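Engineer: Below is the file final_3.cif, with mmCIF, C-alpha atoms.
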```
data_model
loop_
_atom_site.label_atom_id
_atom_site.label_comp_id
_atom_site.auth_asym_id
_atom_site.auth_seq_id
_atom_site.Cartn_x
_atom_site.Cartn_y
_atom_site.Cartn_z
CA MET A 1 -10.09 -70.09 -31.21
CA PHE A 2 -9.05 -71.63 -27.87
CA PRO A 3 -5.36 -71.89 -28.79
CA ILE A 4 -5.24 -68.20 -29.72
CA LEU A 5 -7.03 -67.22 -26.50
CA GLY A 6 -4.65 -69.41 -24.51
CA LEU A 7 -1.66 -67.81 -26.21
CA PHE A 8 -3.01 -64.33 -25.50
CA PHE A 9 -3.79 -65.22 -21.88
CA GLY A 10 -0.31 -66.70 -21.40
CA PHE A 11 1.36 -63.59 -22.78
CA LEU A 12 -0.85 -61.40 -20.60
CA VAL A 13 0.00 -63.37 -17.45
CA GLY A 14 3.70 -63.28 -18.33
CA TRP A 15 3.57 -59.56 -18.95
CA VAL A 16 1.94 -58.58 -15.66
CA SER A 17 3.61 -61.12 -13.38
CA SER A 18 6.92 -60.55 -11.67
CA ILE A 19 8.18 -64.10 -12.16
CA THR A 20 11.77 -64.29 -13.37
CA ILE A 21 13.34 -67.27 -15.06
CA PRO A 22 17.00 -68.06 -14.24
CA VAL A 23 19.42 -67.72 -17.13
CA GLU A 24 20.29 -71.44 -16.87
CA TYR A 25 16.80 -72.28 -18.10
CA ALA A 26 16.77 -69.88 -21.05
CA HIS A 27 17.34 -72.66 -23.61
CA TYR A 28 14.55 -74.76 -22.14
CA LEU A 29 12.11 -71.86 -22.05
CA SER A 30 12.84 -70.84 -25.63
CA ILE A 31 12.44 -74.42 -26.83
CA ALA A 32 9.19 -74.88 -24.90
CA LEU A 33 7.86 -71.58 -26.24
CA LEU A 34 8.68 -72.52 -29.84
CA ALA A 35 7.16 -75.99 -29.39
CA GLY A 36 4.00 -74.46 -27.98
CA LEU A 37 3.77 -71.87 -30.76
CA ASP A 38 4.32 -74.61 -33.34
CA SER A 39 1.42 -76.58 -31.90
CA ILE A 40 -0.82 -73.51 -31.74
CA PHE A 41 -0.14 -72.52 -35.35
CA GLY A 42 -0.60 -76.15 -36.40
CA GLY A 43 -3.92 -76.22 -34.56
CA VAL A 44 -5.08 -73.03 -36.24
CA ARG A 45 -4.06 -74.39 -39.62
CA SER A 46 -5.88 -77.68 -39.07
CA HIS A 47 -8.96 -75.78 -37.87
CA LEU A 48 -8.98 -73.72 -41.06
CA VAL A 49 -8.59 -76.88 -43.15
CA GLY A 50 -11.38 -78.54 -41.16
CA ASP A 51 -9.59 -81.49 -39.56
CA PHE A 52 -8.83 -80.16 -36.06
CA ASP A 53 -8.80 -82.76 -33.28
CA MET A 54 -8.37 -81.65 -29.66
CA GLN A 55 -6.65 -84.91 -28.63
CA VAL A 56 -4.12 -84.59 -31.43
CA PHE A 57 -3.55 -80.95 -30.44
CA PHE A 58 -2.91 -81.70 -26.75
CA THR A 59 -0.73 -84.73 -27.38
CA GLY A 60 1.24 -82.81 -29.99
CA PHE A 61 1.56 -79.77 -27.72
CA PHE A 62 2.96 -81.66 -24.74
CA GLY A 63 4.79 -84.24 -26.86
CA ASN A 64 6.63 -81.51 -28.79
CA ILE A 65 7.60 -79.73 -25.59
CA LEU A 66 8.85 -82.91 -23.91
CA LEU A 67 10.78 -84.14 -26.94
CA ALA A 68 12.36 -80.76 -27.62
CA SER A 69 13.35 -80.41 -23.97
CA ALA A 70 14.78 -83.93 -23.93
CA ILE A 71 16.88 -83.16 -27.01
CA THR A 72 18.12 -79.97 -25.35
CA VAL A 73 19.06 -81.86 -22.17
CA MET A 74 20.81 -84.56 -24.17
CA GLY A 75 22.75 -81.91 -26.06
CA GLN A 76 23.87 -80.30 -22.82
CA TRP A 77 24.99 -83.66 -21.45
CA LEU A 78 27.00 -84.31 -24.61
CA GLY A 79 28.37 -80.78 -24.77
CA VAL A 80 26.70 -80.14 -28.14
CA GLU A 81 24.22 -77.34 -28.71
CA LEU A 82 21.43 -79.54 -30.08
CA TYR A 83 18.83 -76.96 -29.11
CA LEU A 84 19.85 -75.00 -32.21
CA ALA A 85 18.66 -77.86 -34.41
CA VAL A 86 15.35 -77.88 -32.55
CA VAL A 87 15.02 -74.11 -32.98
CA ILE A 88 15.65 -74.41 -36.73
CA VAL A 89 13.06 -77.17 -37.13
CA PHE A 90 10.40 -75.35 -35.13
CA MET A 91 11.02 -72.05 -36.90
CA PHE A 92 10.71 -73.81 -40.27
CA ARG A 93 7.43 -75.38 -39.18
CA LEU A 94 6.14 -72.09 -37.75
CA PHE A 95 6.78 -70.21 -40.99
CA LYS A 96 5.31 -73.06 -43.03
CA ASN A 97 2.12 -73.14 -40.93
CA LEU A 98 1.90 -69.36 -41.03
CA ALA A 99 2.19 -69.41 -44.83
CA ILE A 100 -0.58 -72.02 -45.08
CA ILE A 101 -2.79 -70.01 -42.69
CA ARG A 102 -2.19 -66.89 -44.77
CA ARG A 103 -3.07 -68.66 -48.03
CA ILE A 104 -6.26 -70.16 -46.62
CA THR A 105 -7.31 -66.86 -45.07
CA LEU A 106 -6.68 -64.93 -48.28
CA LYS A 107 -8.48 -67.58 -50.32
CA ASN A 108 -11.51 -67.40 -48.01
CA TYR A 109 -11.43 -63.60 -48.05
CA ILE A 110 -11.31 -63.47 -51.85
CA LYS A 111 -14.16 -66.02 -52.02
CA SER A 112 -16.28 -63.94 -49.67
CA LYS A 113 -15.67 -60.79 -51.73
CA LYS A 114 -16.76 -62.55 -54.94
CA ASN A 115 -20.05 -63.59 -53.32
CA TYR A 116 -21.05 -59.95 -52.74
#
```
For this file, write the structure as structure tokens.
Structural biologist:
Amino acid sequence: MFPILGLFFGFLVGWVSSITIPVEYAHYLSIALLAGLDSIFGGVRSHLVGDFDMQVFFTGFFGNILLASAITVMGQWLGVELYLAVVIVFMFRLFKNLAIIRRITLKNYIKSKKNY
């Protein structure tokens, strides 16, 4: 529940604030956002499965952001758009976690309907 509340709070703060991000940092922001969303959806999935660990969540959250940003920086130094590979990987993981969350939620919903 905390990851979803944090995501909502972050979107709310971003919506009402007047902070602008320079265009030069667009790749970094998109990568950090995808890494954070990947960790949040992974945390929700692991919570539904029953093996959520806050330490694993936080280390994965910040580790994903740092690694993805480092790959983006390295790609810019080399003149290769490596951030695209990171985007593809995170989008794959996001959709996979979302599919697992959907299956678990539907399974629990169907179970609860059978009990009535």
Engineer: Skip range 22-38 of chain A itself and residues of its chain fewer than 3 positions away, then list as an MDAnalysis selection string all residues within 8 Å of it, counting only C-alpha atoms.
Structural biologist: chainID A and resid 41:42 61:62 64:65 68:69 72 83 86:87 90:91 93:94
Engineer: A:Thr105, A:Gln76, A:Thr59, A:Thr20: which is nearest Arg45 in chain A, counting only C-alpha atoms?
Structural biologist: A:Thr105
Engineer: For Leu48 in chain A, work out the shell of residues within 8 Å, counting only C-alpha atoms and skipping chain neighbours fewer than 3 positions away, then give it as a count of residues only.
Structural biologist: 5
Engineer: Closest to Ser46 in chain A among A:Leu98, A:Leu106, A:Trp15, A:Gly10, using all atoms listed in the file?
Structural biologist: A:Leu98
Engineer: Measure the distance from CA of Val73 in chain A to CA of Ser39 in chain A in Å and round it to one decimal.
Structural biologist: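 A separation of 20.8 Å between them.
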Engineer: Could you tell me how far CA of Phe2 in chain A sits from CA of Val16 in chain A, in Å to one decimal place?
Structural biologist: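 CA of Val16 in chain A sits 21.0 Å away from CA of Phe2 in chain A.
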Engineer: Just how far from CA of Phe52 in chain A is CA of Leu5 in chain A, in Å to one decimal?
Structural biologist: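 Computing the Euclidean distance for CA of Leu5 in chain A and CA of Phe52 in chain A yields 16.2 Å.
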Engineer: From the list A:Val80, A:Val49, A:Leu67, A:Val89, which residue is nearest Arg102 in chain A when using only C-alpha atoms?
Structural biologist: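 Looking at the shortest contact to Arg102 in chain A, the residue is A:Val49.
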Engineer: Please fill the gaps in range 4-36 of chain A so it has N, CA and C atoms, and write that as a CSV table (one decimal), in the coordinates of the input.
Structural biologist:
```
chain,number,residue,atom,x,y,z
A,4,ILE,N,-5.6,-69.6,-29.6
A,4,ILE,CA,-5.2,-68.2,-29.7
A,4,ILE,C,-5.6,-67.5,-28.4
A,5,LEU,N,-6.7,-67.8,-27.8
A,5,LEU,CA,-7.0,-67.2,-26.5
A,5,LEU,C,-6.0,-67.7,-25.4
A,6,GLY,N,-5.6,-68.9,-25.5
A,6,GLY,CA,-4.6,-69.4,-24.5
A,6,GLY,C,-3.3,-68.7,-24.7
A,7,LEU,N,-2.9,-68.5,-25.9
A,7,LEU,CA,-1.7,-67.8,-26.2
A,7,LEU,C,-1.7,-66.4,-25.7
A,8,PHE,N,-2.8,-65.7,-26.0
A,8,PHE,CA,-3.0,-64.3,-25.5
A,8,PHE,C,-3.0,-64.3,-24.0
A,9,PHE,N,-3.7,-65.2,-23.3
A,9,PHE,CA,-3.8,-65.2,-21.9
A,9,PHE,C,-2.4,-65.5,-21.3
A,10,GLY,N,-1.7,-66.4,-21.9
A,10,GLY,CA,-0.3,-66.7,-21.4
A,10,GLY,C,0.6,-65.5,-21.5
A,11,PHE,N,0.6,-64.8,-22.6
A,11,PHE,CA,1.4,-63.6,-22.8
A,11,PHE,C,0.9,-62.5,-21.8
A,12,LEU,N,-0.4,-62.4,-21.6
A,12,LEU,CA,-0.8,-61.4,-20.6
A,12,LEU,C,-0.4,-61.7,-19.2
A,13,VAL,N,-0.5,-63.0,-18.8
A,13,VAL,CA,0.0,-63.4,-17.4
A,13,VAL,C,1.5,-63.1,-17.3
A,14,GLY,N,2.3,-63.5,-18.3
A,14,GLY,CA,3.7,-63.3,-18.3
A,14,GLY,C,4.1,-61.8,-18.3
A,15,TRP,N,3.3,-61.0,-18.9
A,15,TRP,CA,3.6,-59.6,-19.0
A,15,TRP,C,3.3,-58.9,-17.6
A,16,VAL,N,2.3,-59.3,-16.9
A,16,VAL,CA,1.9,-58.6,-15.7
A,16,VAL,C,2.5,-59.2,-14.4
A,17,SER,N,3.0,-60.4,-14.6
A,17,SER,CA,3.6,-61.1,-13.4
A,17,SER,C,5.1,-60.7,-13.2
A,18,SER,N,5.5,-60.9,-12.0
A,18,SER,CA,6.9,-60.6,-11.7
A,18,SER,C,7.8,-61.8,-11.6
A,19,ILE,N,7.4,-62.9,-12.2
A,19,ILE,CA,8.2,-64.1,-12.2
A,19,ILE,C,9.4,-63.9,-13.1
A,20,THR,N,10.6,-64.3,-12.6
A,20,THR,CA,11.8,-64.3,-13.4
A,20,THR,C,12.3,-65.7,-13.6
A,21,ILE,N,12.8,-66.0,-14.7
A,21,ILE,CA,13.3,-67.3,-15.1
A,21,ILE,C,14.9,-67.2,-15.0
A,22,PRO,N,15.5,-68.1,-14.3
A,22,PRO,CA,17.0,-68.1,-14.2
A,22,PRO,C,17.6,-68.3,-15.6
A,23,VAL,N,18.7,-67.7,-15.8
A,23,VAL,CA,19.4,-67.7,-17.1
A,23,VAL,C,19.7,-69.2,-17.5
A,24,GLU,N,20.0,-70.0,-16.6
A,24,GLU,CA,20.3,-71.4,-16.9
A,24,GLU,C,19.2,-72.1,-17.6
A,25,TYR,N,18.0,-71.6,-17.5
A,25,TYR,CA,16.8,-72.3,-18.1
A,25,TYR,C,16.4,-71.6,-19.4
A,26,ALA,N,17.2,-70.7,-19.9
A,26,ALA,CA,16.8,-69.9,-21.0
A,26,ALA,C,16.6,-70.8,-22.3
A,27,HIS,N,17.5,-71.7,-22.5
A,27,HIS,CA,17.3,-72.7,-23.6
A,27,HIS,C,16.1,-73.5,-23.5
A,28,TYR,N,15.7,-74.0,-22.3
A,28,TYR,CA,14.6,-74.8,-22.1
A,28,TYR,C,13.3,-73.9,-22.4
A,29,LEU,N,13.3,-72.7,-21.9
A,29,LEU,CA,12.1,-71.9,-22.0
A,29,LEU,C,11.9,-71.5,-23.5
A,30,SER,N,13.0,-71.2,-24.2
A,30,SER,CA,12.8,-70.8,-25.6
A,30,SER,C,12.4,-72.0,-26.4
A,31,ILE,N,12.9,-73.2,-26.1
A,31,ILE,CA,12.4,-74.4,-26.8
A,31,ILE,C,11.0,-74.7,-26.5
A,32,ALA,N,10.6,-74.6,-25.3
A,32,ALA,CA,9.2,-74.9,-24.9
A,32,ALA,C,8.3,-73.9,-25.5
A,33,LEU,N,8.7,-72.6,-25.6
A,33,LEU,CA,7.9,-71.6,-26.2
A,33,LEU,C,7.7,-71.9,-27.7
A,34,LEU,N,8.8,-72.2,-28.4
A,34,LEU,CA,8.7,-72.5,-29.8
A,34,LEU,C,7.8,-73.8,-30.1
A,35,ALA,N,8.0,-74.8,-29.2
A,35,ALA,CA,7.2,-76.0,-29.4
A,35,ALA,C,5.7,-75.7,-29.2
A,36,GLY,N,5.4,-74.8,-28.2
A,36,GLY,CA,4.0,-74.5,-28.0
A,36,GLY,C,3.4,-73.6,-29.1
```
